[in-house]
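Notes follow once the structure below has been shown.
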Amino acid sequence: MTENLAEDLDELARGLDRDHVFHSWSAQSQLSSLVVASGRGCRVWDHAGREYLDFSSQLVNVNIGHQHPAVVQAIREQAELLTTIAPSTVSLARGEAAKRIIGHAPPGFHKVFFTNGGADANENAIRMARLHTGRDKILSTYRSYHGNTGAAIVSTGDWRRIPNEFARGHVHFFGPYLYRSEFWATTPEEESERALHHLRRVIEAEGPSSIAAILLETIPGTAGIMLPPPGYLAGVRELADRHGILLILDEVMCGFGRSGRWFAFDGYEVRPDLITFAKGVNSGYIPAGGVVISDPIAATFDDRVFPGGLTYSGHPLAMASIVATLDAMESEGIVENARAIGETEIGPALAELAERHAVIGEVRGEGVFWAIELVADRDTREPLPAAAMGRIKSGLVARGLLPFIQDNRIHVVPPCVVTVEDVAEAMPIYDEVLSTALEGEG
């Protein structure tokens, strides 16, 4: 391809997008999006060949990296065999995908309900919880994101909930976040204890017998990658058990390798009743998600109709991509790589950045799931303004690194296949941008 033709293709793509594509969470006249033509591993490039190191994993979902050959081949082979089939039929690919997912679940889980993504996974988990318990209310935290369908968006705690509050029976509470504690805590243990006291009082005030489930991201992702403090999730489990409330753990973003474990909750001594997933289960190659259902809840619908379904539930192409993804992650040690890279490379490198830059208030994370929280003043912890964050994003992209920017944070979330060399390339870029984009600030 000639250089002129490549540039023309980039411009054509921009023009078509500007004229005809309506983008999510955006004012349409203010968009300035990057053209992506292809990718491989941790890198993407446009038609003209400009290359970017992807430390966003797009929407924190490309866990296995871009264009993994085994997954691409599995989709190709399934497309040649059978491209689509109704969810009421039996499909070998669907059964194999469910079996592999169950293989990573705790004991007492044997069934998977497949959805098109994470939002409708949470939607259907909420439906199951309400039908199983006969109760209505769903409790979730203010700092959370659970998707953009009816109940999922109202379960969400951030600003996106407010224009969409048309679903019933949702109550929010504050979860633990020691750096910006709502509970005047000074240690992780205090934060855990006081956050649990707050949740207990919310349950008591709402009426325990009215609450169907507590819905939590095991590790809140978009809200800030906030690792649960010691004892918190176990304490939530105890409160739920005391009152006959179900616990739904949302592993849509943190599951399937992102935390350095197959499920993030494996590191926190807790067993949920329902597990929601999407994103990382097949790196988003084909839209897919689902609910892993504990045996008592699954048994509720043995002789009772479950009033939910999706035309593309267990779509053959998505199922084939799940099988290939999970098989490759196992055979290539990809989850182990994510854990090791986080411990030996990303974590220490970000700690060094924090020592050099006063604008970094806190670094936190595990695996390939990290946040750099930026502040205008370390003492007051005032968040860095949006204009400065915009300059940081522009500076990173200009230097060939795709970031995930949310509020006053840089989320460092490369694919689980990221290498030592990739991290060594990325860290000086963060360092340079924090030095130059913020001169005179912090």
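Starting from 1 in every chain, residues are counted up; chains themselves are A, B, ... following the order of the structure tokens, and ligands are numbered from 1 as listed.
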
Identify, on the basis of only C-alpha atoms, every residue whose closest approach to stretch 191-193 of chain A does not exceed 6 Å; exclude the query and any residue fewer than 4 positions from it along the same chain; express the result as a compact mmCIF listing (two decimals) with C-alpha atoms, in the first residue's frame.
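Saved the output as result11.txt:
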# COMPACT_ATOMS: atom_id res chain seq x y z
CA ALA A 185 -10.41 5.83 58.29
CA PRO A 229 -9.31 -3.94 52.07
CA TYR A 232 -14.29 -6.49 53.47

DSSP helix (DSSP H, G or I) residues within stretch 86-126 of chain A, as a ChimeraX atom specification: /A:92-102,118-126

For A:Val281: contacts at 9 Å, only C-alpha atoms, fewer than 6 positions along chain excluded, given as a list in words: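 Once the adjacent positions are removed, what remains is Asn61, Asn63, Ile101, Val252, Gly255, Phe256, Gly257, Ala288, Gly289, Ser321, Ile322, Val323, Thr325 and Leu326 of chain A.
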
Near-A:Val154 list (9 Å; only C-alpha atoms; drop same-chain fewer than 6 positions) as a list of chain:residue names: A:His146, A:Gly147, A:Asn148, A:Arg160, A:Arg161, A:Ile162, A:Asn164, A:Glu165, A:Phe166, A:Ala167, A:Arg168, A:His170

From A:Arg339, A:Gly308, A:Glu238, A:Arg50, residue lying nearest A:Pro272 [only C-alpha atoms]: A:Glu238

Show me, as a Markdown table, the residues of stretch 147-264 of chain A having an atom within 10 Å of stretch 107-120 of chain A, each with the closest atom pair and its distance in Å, using only C-alpha atoms.
| residue | atom | partner | partner_atom | distance |
| --- | --- | --- | --- | --- |
| A:Gly147 | CA | A:Ala119 | CA | 4.0 |
| A:Asn148 | CA | A:Ala119 | CA | 5.9 |
| A:Thr149 | CA | A:Ala119 | CA | 5.9 |
| A:Gly150 | CA | A:Ala119 | CA | 8.9 |
| A:Ala151 | CA | A:Ala119 | CA | 8.8 |
| A:Ala152 | CA | A:Ala119 | CA | 5.9 |
| A:Ile153 | CA | A:Ala119 | CA | 8.0 |
| A:Asp250 | CA | A:Gly118 | CA | 8.5 |
| A:Glu251 | CA | A:Gly118 | CA | 8.8 |
| A:Val252 | CA | A:Gly118 | CA | 5.7 |
| A:Met253 | CA | A:Gly118 | CA | 8.6 |

Among listed residues A:His315, A:His357, A:Arg378, A:Arg14, nearest A:Gln78 (using only C-alpha atoms):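 Checking each of A:His315, A:His357, A:Arg378, A:Arg14 against A:Gln78, counting only C-alpha atoms, the winner is A:His315.
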
Within 10 Å of A:Ala48 using only C-alpha atoms, minus same-chain residues under 3 positions, as a PyMOL selection string: chain A and resi 1-10+35-37+45+51

Can I get the selected residues back with C-alpha atoms, as a PDB file, in the first residue's frame?
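Saved file selection-v5.pdb follows:
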ATOM      1  CA  MET A   1       0.000   0.000   0.000  1.00  0.00           C
ATOM      2  CA  THR A   2       1.384   3.399  -0.939  1.00  0.00           C
ATOM      3  CA  GLU A   3       1.734   6.097   1.705  1.00  0.00           C
ATOM      4  CA  ASN A   4      -0.824   8.316  -0.032  1.00  0.00           C
ATOM      5  CA  LEU A   5      -3.362   5.500  -0.267  1.00  0.00           C
ATOM      6  CA  ALA A   6      -2.875   4.647   3.411  1.00  0.00           C
ATOM      7  CA  GLU A   7      -3.431   8.262   4.437  1.00  0.00           C
ATOM      8  CA  ASP A   8      -6.503   8.379   2.205  1.00  0.00           C
ATOM      9  CA  LEU A   9      -7.923   5.315   3.962  1.00  0.00           C
ATOM     10  CA  ASP A  10      -7.407   6.930   7.355  1.00  0.00           C
ATOM     11  CA  VAL A  35      -8.251   5.417  13.547  1.00  0.00           C
ATOM     12  CA  VAL A  36      -7.342   1.780  14.225  1.00  0.00           C
ATOM     13  CA  ALA A  37      -6.882  -0.478  11.222  1.00  0.00           C
ATOM     14  CA  TRP A  45      -1.841   0.740  14.122  1.00  0.00           C
ATOM     15  CA  GLU A  51       1.812   2.258  15.716  1.00  0.00           C
TER      16      GLU A  51
END
